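Listing of model22.csv, CSV, C-alpha atoms
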```
chain,number,residue,atom,x,y,z
A,1,MET,CA,-7.8,-30.0,-47.3
A,2,SER,CA,-10.6,-31.8,-45.5
A,3,LYS,CA,-9.8,-34.5,-43.1
A,4,SER,CA,-11.8,-36.8,-41.0
A,5,SER,CA,-13.1,-35.1,-37.9
A,6,SER,CA,-13.0,-38.3,-35.8
A,7,GLY,CA,-9.5,-37.8,-34.5
A,8,ASN,CA,-9.6,-34.1,-33.8
A,9,VAL,CA,-10.4,-32.4,-30.5
A,10,GLY,CA,-14.1,-31.6,-30.2
A,11,ILE,CA,-15.3,-28.1,-29.4
A,12,VAL,CA,-18.2,-27.2,-27.2
A,13,ILE,CA,-19.6,-23.7,-27.0
A,14,VAL,CA,-21.5,-22.7,-23.9
A,15,SER,CA,-23.3,-19.3,-23.7
A,16,HIS,CA,-26.1,-17.9,-21.6
A,17,SER,CA,-27.8,-17.1,-24.9
A,18,SER,CA,-28.6,-19.9,-27.3
A,19,LYS,CA,-28.4,-17.4,-30.1
A,20,ILE,CA,-24.8,-16.5,-29.2
A,21,ALA,CA,-23.9,-20.2,-28.8
A,22,GLU,CA,-25.4,-21.1,-32.2
A,23,GLY,CA,-24.0,-18.0,-33.9
A,24,ALA,CA,-20.5,-18.8,-32.6
A,25,ALA,CA,-20.9,-22.3,-33.8
A,26,ASP,CA,-21.8,-21.0,-37.3
A,27,MET,CA,-18.6,-19.0,-37.3
A,28,VAL,CA,-16.6,-22.0,-36.4
A,29,ARG,CA,-18.2,-24.1,-39.1
A,30,GLN,CA,-17.4,-21.4,-41.6
A,31,MET,CA,-13.8,-21.6,-40.7
A,32,VAL,CA,-13.2,-25.3,-40.3
A,33,GLY,CA,-16.2,-27.0,-42.0
A,34,ASN,CA,-16.7,-30.4,-40.6
A,35,ALA,CA,-13.1,-31.0,-39.7
A,36,VAL,CA,-13.9,-30.9,-35.9
A,37,PRO,CA,-16.7,-32.3,-33.8
A,38,LEU,CA,-18.7,-29.3,-32.7
A,39,ALA,CA,-21.7,-28.8,-30.4
A,40,TRP,CA,-23.2,-25.8,-28.6
A,41,THR,CA,-25.6,-25.2,-25.8
A,42,GLY,CA,-27.2,-22.1,-24.4
A,43,GLY,CA,-30.1,-21.1,-22.1
A,44,ASP,CA,-31.5,-22.5,-18.9
A,45,THR,CA,-33.8,-25.5,-18.7
A,46,ASP,CA,-36.9,-23.2,-19.3
A,47,GLY,CA,-35.3,-21.6,-22.4
A,48,GLY,CA,-34.4,-18.3,-20.7
A,49,LEU,CA,-31.0,-16.8,-20.5
A,50,GLY,CA,-28.6,-19.0,-18.5
A,51,THR,CA,-26.7,-22.3,-18.8
A,52,ASN,CA,-27.6,-25.7,-17.6
A,53,VAL,CA,-25.5,-28.8,-16.7
A,54,ALA,CA,-27.7,-31.2,-18.6
A,55,GLY,CA,-27.3,-29.2,-21.8
A,56,ILE,CA,-23.6,-29.0,-21.3
A,57,LEU,CA,-23.3,-32.8,-20.7
A,58,ALA,CA,-25.3,-33.4,-23.9
A,59,ALA,CA,-23.1,-31.1,-25.9
A,60,ILE,CA,-19.9,-32.8,-24.6
A,61,GLU,CA,-21.4,-36.1,-25.7
A,62,ALA,CA,-22.3,-34.7,-29.1
A,63,ALA,CA,-18.8,-33.3,-29.7
A,64,TRP,CA,-17.0,-36.2,-28.1
A,65,SER,CA,-13.7,-37.2,-29.6
A,66,PRO,CA,-11.0,-39.6,-28.3
A,67,ALA,CA,-8.6,-36.6,-28.5
A,68,GLY,CA,-10.8,-34.8,-26.0
A,69,VAL,CA,-13.1,-31.8,-25.9
A,70,ALA,CA,-12.4,-28.1,-25.3
A,71,ILE,CA,-15.2,-26.0,-23.9
A,72,LEU,CA,-15.5,-22.3,-24.5
A,73,VAL,CA,-17.7,-20.4,-22.1
A,74,ASP,CA,-19.0,-16.8,-21.8
A,75,LEU,CA,-19.8,-15.6,-18.3
A,76,GLY,CA,-19.3,-17.0,-14.7
A,77,GLY,CA,-22.3,-19.3,-14.6
A,78,ALA,CA,-21.3,-20.9,-17.9
A,79,GLU,CA,-17.9,-21.6,-16.4
A,80,THR,CA,-19.2,-22.9,-13.1
A,81,ASN,CA,-21.8,-25.1,-14.8
A,82,SER,CA,-19.2,-26.4,-17.3
A,83,GLU,CA,-16.8,-27.4,-14.5
A,84,MET,CA,-19.7,-29.1,-12.7
A,85,ALA,CA,-20.6,-31.0,-15.9
A,86,VAL,CA,-16.9,-32.1,-16.4
A,87,GLU,CA,-16.9,-33.5,-12.9
A,88,MET,CA,-20.0,-35.5,-13.5
A,89,LEU,CA,-18.5,-37.3,-16.5
A,90,ALA,CA,-17.3,-40.9,-16.3
A,91,GLU,CA,-13.8,-40.9,-14.8
A,92,ASP,CA,-12.1,-42.0,-18.0
A,93,ARG,CA,-13.5,-39.0,-19.9
A,94,ARG,CA,-13.0,-36.4,-17.2
A,95,ALA,CA,-9.3,-35.9,-17.8
A,96,ARG,CA,-10.0,-35.4,-21.5
A,97,VAL,CA,-12.3,-32.4,-21.2
A,98,VAL,CA,-11.0,-28.9,-20.5
A,99,VAL,CA,-12.7,-25.5,-19.9
A,100,CYS,CA,-10.7,-22.8,-21.7
A,101,ASN,CA,-10.1,-19.4,-20.2
A,102,ALA,CA,-10.8,-17.5,-23.4
A,103,PRO,CA,-13.4,-15.3,-25.0
A,104,VAL,CA,-16.2,-17.5,-26.3
A,105,VAL,CA,-16.4,-16.4,-29.9
A,106,GLU,CA,-12.7,-15.8,-30.7
A,107,GLY,CA,-11.7,-18.7,-28.5
A,108,ALA,CA,-14.0,-21.1,-30.2
A,109,VAL,CA,-12.8,-20.1,-33.7
A,110,ILE,CA,-9.1,-20.3,-32.7
A,111,ALA,CA,-9.6,-23.6,-30.8
A,112,ALA,CA,-11.4,-25.1,-33.7
A,113,THR,CA,-8.7,-23.9,-36.2
A,114,GLU,CA,-6.0,-25.4,-34.0
A,115,SER,CA,-8.0,-28.7,-33.7
A,116,SER,CA,-8.6,-28.9,-37.4
A,117,GLY,CA,-4.8,-29.3,-37.9
A,118,GLY,CA,-4.8,-32.3,-35.6
A,119,SER,CA,-3.3,-30.6,-32.5
A,120,SER,CA,-3.6,-32.1,-29.1
A,121,LEU,CA,-6.1,-31.0,-26.5
A,122,ALA,CA,-3.4,-29.1,-24.6
A,123,ALA,CA,-2.4,-27.3,-27.7
A,124,VAL,CA,-6.0,-26.4,-28.6
A,125,LYS,CA,-6.5,-25.0,-25.1
A,126,ARG,CA,-3.2,-23.1,-25.2
A,127,SER,CA,-4.0,-21.5,-28.5
A,128,ALA,CA,-7.4,-20.3,-27.4
A,129,GLU,CA,-6.1,-18.9,-24.1
A,130,GLU,CA,-3.0,-17.2,-25.7
A,131,PHE,CA,-5.2,-15.2,-28.1
A,132,TYR,CA,-5.7,-12.4,-25.6
A,133,ALA,CA,-2.9,-13.1,-23.3
B,1,MET,CA,-30.1,-35.7,15.8
B,2,THR,CA,-32.6,-38.1,14.3
B,3,LEU,CA,-34.8,-37.0,11.5
B,4,ASP,CA,-37.7,-39.3,10.8
B,5,ARG,CA,-39.5,-39.3,7.5
B,6,ASP,CA,-42.0,-36.6,8.5
B,7,ALA,CA,-39.1,-34.4,9.7
B,8,ARG,CA,-37.2,-34.9,6.5
B,9,GLU,CA,-40.3,-33.9,4.5
B,10,LYS,CA,-40.9,-30.9,6.6
B,11,LEU,CA,-37.3,-29.8,6.1
B,12,VAL,CA,-37.6,-30.1,2.3
B,13,LEU,CA,-40.9,-28.2,2.3
B,14,ALA,CA,-39.5,-25.4,4.4
B,15,LEU,CA,-36.4,-25.0,2.2
B,16,ALA,CA,-38.5,-24.9,-0.9
B,17,ALA,CA,-41.0,-22.5,0.6
B,18,ALA,CA,-38.3,-20.1,1.6
B,19,MET,CA,-37.0,-19.9,-2.0
B,20,ILE,CA,-40.4,-19.8,-3.7
B,21,GLU,CA,-41.9,-17.2,-1.3
B,22,HIS,CA,-38.8,-15.0,-1.6
B,23,ALA,CA,-38.3,-15.4,-5.4
B,24,GLU,CA,-39.3,-11.9,-6.2
B,25,GLU,CA,-37.2,-10.3,-3.5
B,26,LEU,CA,-34.1,-12.3,-4.6
B,27,THR,CA,-34.7,-11.4,-8.2
B,28,SER,CA,-34.9,-7.7,-7.4
B,29,LEU,CA,-31.7,-7.9,-5.4
B,30,ASP,CA,-30.1,-9.6,-8.4
B,31,GLN,CA,-31.4,-7.0,-10.8
B,32,ALA,CA,-29.5,-4.4,-8.8
B,33,ILE,CA,-26.1,-6.0,-9.1
B,34,GLY,CA,-26.4,-9.2,-11.1
B,35,ASP,CA,-28.3,-10.6,-14.1
B,36,GLY,CA,-31.6,-10.6,-12.4
B,37,ASP,CA,-32.4,-14.3,-12.4
B,38,HIS,CA,-31.4,-15.5,-9.0
B,39,GLY,CA,-34.9,-15.7,-7.5
B,40,LEU,CA,-36.3,-17.4,-10.6
B,41,ASN,CA,-33.4,-19.8,-10.7
B,42,MET,CA,-33.7,-20.8,-7.1
B,43,LYS,CA,-37.5,-21.1,-7.4
B,44,ARG,CA,-37.1,-23.4,-10.5
B,45,GLY,CA,-34.5,-25.5,-8.6
B,46,PHE,CA,-36.6,-26.0,-5.5
B,47,GLU,CA,-39.8,-26.6,-7.5
B,48,ALA,CA,-37.9,-29.4,-9.1
B,49,VAL,CA,-36.9,-30.7,-5.7
B,50,LEU,CA,-40.6,-30.6,-4.6
B,51,ALA,CA,-41.5,-32.6,-7.6
B,52,THR,CA,-39.3,-35.5,-6.2
B,53,LEU,CA,-41.5,-35.7,-3.1
B,54,PRO,CA,-42.8,-37.9,-1.6
B,55,GLY,CA,-40.1,-40.4,-2.6
B,56,LEU,CA,-37.4,-37.9,-1.7
B,57,ALA,CA,-38.3,-38.0,2.0
B,58,ASP,CA,-38.2,-41.9,2.0
B,59,LYS,CA,-34.5,-41.7,1.5
B,60,SER,CA,-32.0,-41.6,4.4
B,61,LEU,CA,-30.9,-38.0,5.3
B,62,PRO,CA,-27.6,-38.3,3.5
B,63,GLU,CA,-29.2,-39.7,0.4
B,64,MET,CA,-31.9,-37.1,0.5
B,65,LEU,CA,-29.4,-34.3,0.7
B,66,LYS,CA,-27.4,-35.7,-2.2
B,67,THR,CA,-30.5,-35.9,-4.3
B,68,ILE,CA,-31.5,-32.3,-3.5
B,69,GLY,CA,-28.0,-31.2,-4.5
B,70,LEU,CA,-28.0,-33.0,-7.8
B,71,THR,CA,-31.5,-31.7,-8.6
B,72,LEU,CA,-30.4,-28.1,-7.9
B,73,VAL,CA,-27.2,-28.6,-10.0
B,74,MET,CA,-29.3,-29.9,-12.9
B,75,LYS,CA,-32.2,-27.4,-12.7
B,76,VAL,CA,-31.2,-24.1,-11.3
B,77,GLY,CA,-29.5,-22.8,-14.5
B,78,GLY,CA,-27.2,-20.2,-13.0
B,79,ALA,CA,-23.9,-20.3,-11.1
B,80,SER,CA,-25.9,-20.8,-7.9
B,81,GLY,CA,-27.0,-24.3,-9.1
B,82,PRO,CA,-23.6,-25.8,-8.9
B,83,LEU,CA,-22.7,-23.7,-5.8
B,84,VAL,CA,-25.8,-24.4,-3.7
B,85,GLY,CA,-26.1,-27.9,-5.2
B,86,THR,CA,-22.5,-28.7,-4.3
B,87,PHE,CA,-23.2,-27.7,-0.7
B,88,PHE,CA,-26.1,-30.1,-0.4
B,89,MET,CA,-24.3,-33.0,-2.3
B,90,GLU,CA,-21.2,-32.7,-0.1
B,91,LEU,CA,-23.2,-32.4,3.1
B,92,GLY,CA,-25.0,-35.6,2.1
B,93,LYS,CA,-21.7,-37.4,1.4
B,94,ALA,CA,-20.2,-36.3,4.7
B,95,LEU,CA,-23.1,-37.1,7.0
B,96,PRO,CA,-23.9,-40.3,8.8
B,97,ASP,CA,-27.6,-41.4,8.8
B,98,GLU,CA,-28.1,-40.1,12.4
B,99,PRO,CA,-25.6,-37.3,12.9
B,100,ALA,CA,-24.6,-36.0,16.2
B,101,ARG,CA,-23.8,-32.2,16.4
B,102,ALA,CA,-20.1,-32.8,15.9
B,103,ASP,CA,-20.9,-34.8,12.7
B,104,LEU,CA,-23.0,-31.9,11.5
B,105,VAL,CA,-20.2,-29.4,12.2
B,106,ALA,CA,-17.7,-31.5,10.4
B,107,ALA,CA,-20.0,-32.1,7.4
B,108,THR,CA,-20.9,-28.5,7.0
B,109,ASP,CA,-17.2,-27.6,7.1
B,110,LYS,CA,-16.5,-30.0,4.3
B,111,ALA,CA,-19.5,-28.8,2.3
B,112,ILE,CA,-18.4,-25.1,2.7
B,113,ASN,CA,-14.9,-26.0,1.5
B,114,ALA,CA,-16.4,-27.7,-1.5
B,115,VAL,CA,-18.3,-24.5,-2.3
B,116,LYS,CA,-15.1,-22.6,-2.1
B,117,LEU,CA,-13.4,-24.9,-4.5
B,118,ARG,CA,-16.4,-24.9,-6.9
B,119,GLY,CA,-16.5,-21.1,-7.0
B,120,ARG,CA,-12.7,-20.6,-6.5
B,121,SER,CA,-13.7,-18.1,-3.9
B,122,GLU,CA,-13.2,-17.2,-0.3
B,123,ALA,CA,-15.3,-15.2,2.2
B,124,GLY,CA,-14.9,-11.4,1.6
B,125,GLN,CA,-15.8,-11.4,-2.1
B,126,LYS,CA,-19.5,-10.7,-1.6
B,127,THR,CA,-20.8,-14.2,-2.3
B,128,LEU,CA,-22.8,-16.8,-0.4
B,129,LEU,CA,-19.6,-17.7,1.4
B,130,ASP,CA,-20.0,-14.4,3.3
B,131,VAL,CA,-22.9,-16.1,5.0
B,132,LEU,CA,-21.8,-19.7,5.1
B,133,VAL,CA,-18.4,-19.0,6.7
B,134,PRO,CA,-19.4,-16.8,9.6
B,135,VAL,CA,-22.5,-18.9,10.3
B,136,GLN,CA,-20.2,-22.0,10.4
B,137,ALA,CA,-18.0,-20.2,12.9
B,138,VAL,CA,-21.0,-19.6,15.2
B,139,PHE,CA,-22.2,-23.2,14.7
B,140,ALA,CA,-18.8,-24.7,15.3
B,141,GLY,CA,-18.3,-22.5,18.3
B,142,GLY,CA,-21.3,-24.0,20.0
B,143,GLY,CA,-23.9,-21.3,19.2
B,144,ASP,CA,-27.5,-22.2,19.7
B,145,ALA,CA,-30.3,-22.1,17.1
B,146,ARG,CA,-31.1,-18.5,17.8
B,147,ALA,CA,-27.5,-17.4,17.6
B,148,ILE,CA,-27.0,-19.3,14.3
B,149,ALA,CA,-30.2,-17.8,12.7
B,150,ALA,CA,-29.2,-14.3,13.9
B,151,GLU,CA,-25.8,-14.6,12.5
B,152,ALA,CA,-27.2,-15.8,9.1
B,153,ALA,CA,-29.4,-12.7,8.9
B,154,GLN,CA,-26.6,-10.3,10.1
B,155,ALA,CA,-24.1,-11.8,7.7
B,156,ALA,CA,-26.3,-11.3,4.7
B,157,ASP,CA,-26.8,-7.7,5.9
B,158,ARG,CA,-23.0,-7.2,6.1
B,159,THR,CA,-22.6,-8.0,2.4
B,160,THR,CA,-24.4,-4.7,1.5
B,161,PRO,CA,-21.4,-2.4,1.9
B,162,MET,CA,-19.0,-5.0,0.5
B,163,LEU,CA,-17.2,-4.7,-2.9
B,164,ALA,CA,-17.9,-7.7,-5.1
B,165,THR,CA,-14.8,-9.3,-6.5
B,166,ARG,CA,-16.3,-12.6,-7.6
B,167,GLY,CA,-19.4,-13.4,-9.6
B,168,ARG,CA,-21.4,-11.2,-12.0
B,169,ALA,CA,-21.6,-8.3,-9.5
B,170,SER,CA,-17.8,-8.0,-9.7
B,171,PHE,CA,-18.3,-6.5,-13.2
B,172,LEU,CA,-19.9,-3.5,-11.6
B,173,GLY,CA,-16.9,-2.7,-9.4
B,174,GLU,CA,-17.7,-0.1,-6.9
B,175,ARG,CA,-21.3,0.1,-8.0
B,176,SER,CA,-21.7,-3.3,-6.3
B,177,ILE,CA,-21.4,-1.5,-3.0
B,178,GLY,CA,-24.7,-0.6,-1.3
B,179,HIS,CA,-26.7,-3.7,-2.4
B,180,MET,CA,-27.1,-6.9,-0.5
B,181,ASP,CA,-25.6,-9.9,-2.3
B,182,PRO,CA,-28.5,-12.1,-3.5
B,183,GLY,CA,-26.7,-15.3,-3.0
B,184,SER,CA,-26.0,-14.4,0.6
B,185,ARG,CA,-29.6,-13.5,1.1
B,186,SER,CA,-30.8,-16.9,-0.3
B,187,ALA,CA,-28.2,-18.8,1.8
B,188,SER,CA,-29.4,-16.9,4.9
B,189,LEU,CA,-33.1,-17.7,4.1
B,190,LEU,CA,-32.3,-21.4,3.6
B,191,ILE,CA,-30.4,-21.6,6.9
B,192,SER,CA,-33.2,-19.9,8.8
B,193,ALA,CA,-35.8,-22.1,7.2
B,194,ALA,CA,-33.8,-25.2,8.1
B,195,ILE,CA,-33.4,-24.2,11.7
B,196,ALA,CA,-37.1,-23.3,12.0
B,197,ALA,CA,-38.1,-26.6,10.4
B,198,LEU,CA,-35.9,-28.8,12.5
B,199,GLU,CA,-36.7,-26.9,15.7
B,200,PHE,CA,-33.0,-27.2,15.9
B,201,GLU,CA,-31.6,-27.8,19.3
B,202,ALA,CA,-28.0,-26.9,19.2
B,203,THR,CA,-27.2,-28.4,22.5
B,204,SER,CA,-28.6,-31.9,21.6
```
This structure in structure tokens:
Amino acid sequence: MSKSSSGNVGIVIVSHSSKIAEGAADMVRQMVGNAVPLAWTGGDTDGGLGTNVAGILAAIEAAWSPAGVAILVDLGGAETNSEMAVEMLAEDRRARVVVCNAPVVEGAVIAATESSGGSSLAAVKRSAEEFYA
Amino acid sequence: MTLDRDAREKLVLALAAAMIEHAEELTSLDQAIGDGDHGLNMKRGFEAVLATLPGLADKSLPEMLKTIGLTLVMKVGGASGPLVGTFFMELGKALPDEPARADLVAATDKAINAVKLRGRSEAGQKTLLDVLVPVQAVFAGGGDARAIAAEAAQAADRTTPMLATRGRASFLGERSIGHMDPGSRSASLLISAAIAALEFEATS
């Protein structure tokens, strides 16, 4: 069953490697099609390995949903930069974006699957985080 | 302490020079226990800061510091961007235009606490906090410029035998022991550069 993506929680994938971020997004798309807003970002501002706040902000914007956005990250800098990006959002959006403590690939697929069923942001985050708990 | 436009520009140039000149050293420290990009990241960040001169130095000291912080957050590209960037942003937010020493002490205290929150970390985990926290103790305790600069260098050295429990180096476990923390080294270099540029008079 395909349903409109507009009401579902958006998923953002943040990796140090743009290839990993893009590949994880491909896996999410294969699972849930276009049922969830999805965006990815990877690499520093010069295109090397790393993460950058501007790219994360753009990805949040691209995957924005009134139901909120769940961010999946790989290593430390991705998490720190994602938390920084969330703080830089307008106040009314800040509370509707969460960084999940979950492995980036598995977490993204599970979060998107949960989202595609119309679950809340809290439920999406919980599903991603419970996978390896 | 009053910093006129020339002094503010001198401060920016000194901070940037410290990171750009030591980029290779910082990167090789990071290659030992991290992902090998710290020097390049800090260089990229401070080159972006330099690109905002001369307008940057036209701003008041608090506004200038906030702009430096935001530029680092947006350009550095590693965890050090939000960490060092947060320090400068919070310092700018907490300082009056013409701070007295007590204002500086209070503002650096707030900025260090913001770095702790950003990194969910405390001193003792082999991070830049292992320089910031002991240097702040000397500064708050009335230490003069020489004492502060000496503590910055010694605190960075003291990270060498530490076990990393936060940041990328923590993945290495005990293999992180025996290498200086790159973030501590860059913090130490920035502190020394700031002190030298300001001809900092701790008693003023």
List the neighbours of A:Ala21 out to 8 Å using all atoms listed in the file; skip same-chain residues closer than 6 positions along the sequence, and give me the result as a PDB file with C-alpha atoms, in the coordinates of the input.
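For reference, around-v3.pdb as written:
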```pdb
ATOM      1  CA  ILE A  13     -19.600 -23.700 -27.000  1.00  0.00           C
ATOM      2  CA  VAL A  14     -21.500 -22.700 -23.900  1.00  0.00           C
ATOM      3  CA  SER A  15     -23.300 -19.300 -23.700  1.00  0.00           C
ATOM      4  CA  TRP A  40     -23.200 -25.800 -28.600  1.00  0.00           C
ATOM      5  CA  THR A  41     -25.600 -25.200 -25.800  1.00  0.00           C
ATOM      6  CA  GLY A  42     -27.200 -22.100 -24.400  1.00  0.00           C
TER       7      GLY A  42
END
```
Taking only residues of chain B that have an atom at most 8 Å from an atom of chain A, what is each one's shortest atom pair and its distance in Å to one decimal, using only C-alpha atoms, in chain and number order, as JSON lines?
```
{"residue": "B:Val73", "atom": "CA", "partner": "A:Val53", "partner_atom": "CA", "distance": 6.9}
{"residue": "B:Met74", "atom": "CA", "partner": "A:Val53", "partner_atom": "CA", "distance": 5.5}
{"residue": "B:Lys75", "atom": "CA", "partner": "A:Thr45", "partner_atom": "CA", "distance": 6.5}
{"residue": "B:Val76", "atom": "CA", "partner": "A:Asn52", "partner_atom": "CA", "distance": 7.4}
{"residue": "B:Gly77", "atom": "CA", "partner": "A:Asn52", "partner_atom": "CA", "distance": 4.7}
{"residue": "B:Gly78", "atom": "CA", "partner": "A:Gly77", "partner_atom": "CA", "distance": 5.2}
{"residue": "B:Ala79", "atom": "CA", "partner": "A:Gly77", "partner_atom": "CA", "distance": 4.0}
{"residue": "B:Ser80", "atom": "CA", "partner": "A:Gly77", "partner_atom": "CA", "distance": 7.8}
{"residue": "B:Gly81", "atom": "CA", "partner": "A:Asn81", "partner_atom": "CA", "distance": 7.8}
{"residue": "B:Pro82", "atom": "CA", "partner": "A:Asn81", "partner_atom": "CA", "distance": 6.2}
{"residue": "B:Arg118", "atom": "CA", "partner": "A:Thr80", "partner_atom": "CA", "distance": 7.1}
{"residue": "B:Gly119", "atom": "CA", "partner": "A:Thr80", "partner_atom": "CA", "distance": 6.9}
{"residue": "B:Gly167", "atom": "CA", "partner": "A:Gly76", "partner_atom": "CA", "distance": 6.2}
{"residue": "B:Arg168", "atom": "CA", "partner": "A:Gly76", "partner_atom": "CA", "distance": 6.7}
```
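You will find atom CA of A:Pro37 at 7.7 Å from atom CA of A:Ala62.
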Using only C-alpha atoms, determine which residues lie at most 7 Å from A:Ala108, disregarding the query and same-chain residues fewer than 2 positions distant; provide the list as a ChimeraX atom specification. /A:13,28,72,104-106,110-112
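Atom pair atom CA of B:Ala169 / atom CA of B:Ser184: separated by 12.6 Å.
The nearest approach to B:Leu13 among the residues B:Met1, B:Ala187, B:Met180, B:Leu198, with all atoms listed in the file taken into account, belongs to B:Leu198.
Neighbours of B:Leu128 closer than or equal to 10 Å, with all atoms listed in the file counted and sequence neighbours fewer than 4 positions away skipped, come out as Ser80, Leu83, Val84, Ile112, Val115, Lys116, Ser121, Glu122, Ala123, Gly124, Leu132, Val133, Ala155, Ala156, Thr159, Asp181, Pro182, Gly183, Ser184, Arg185, Ser186, Ala187 and Ser188 of chain B.
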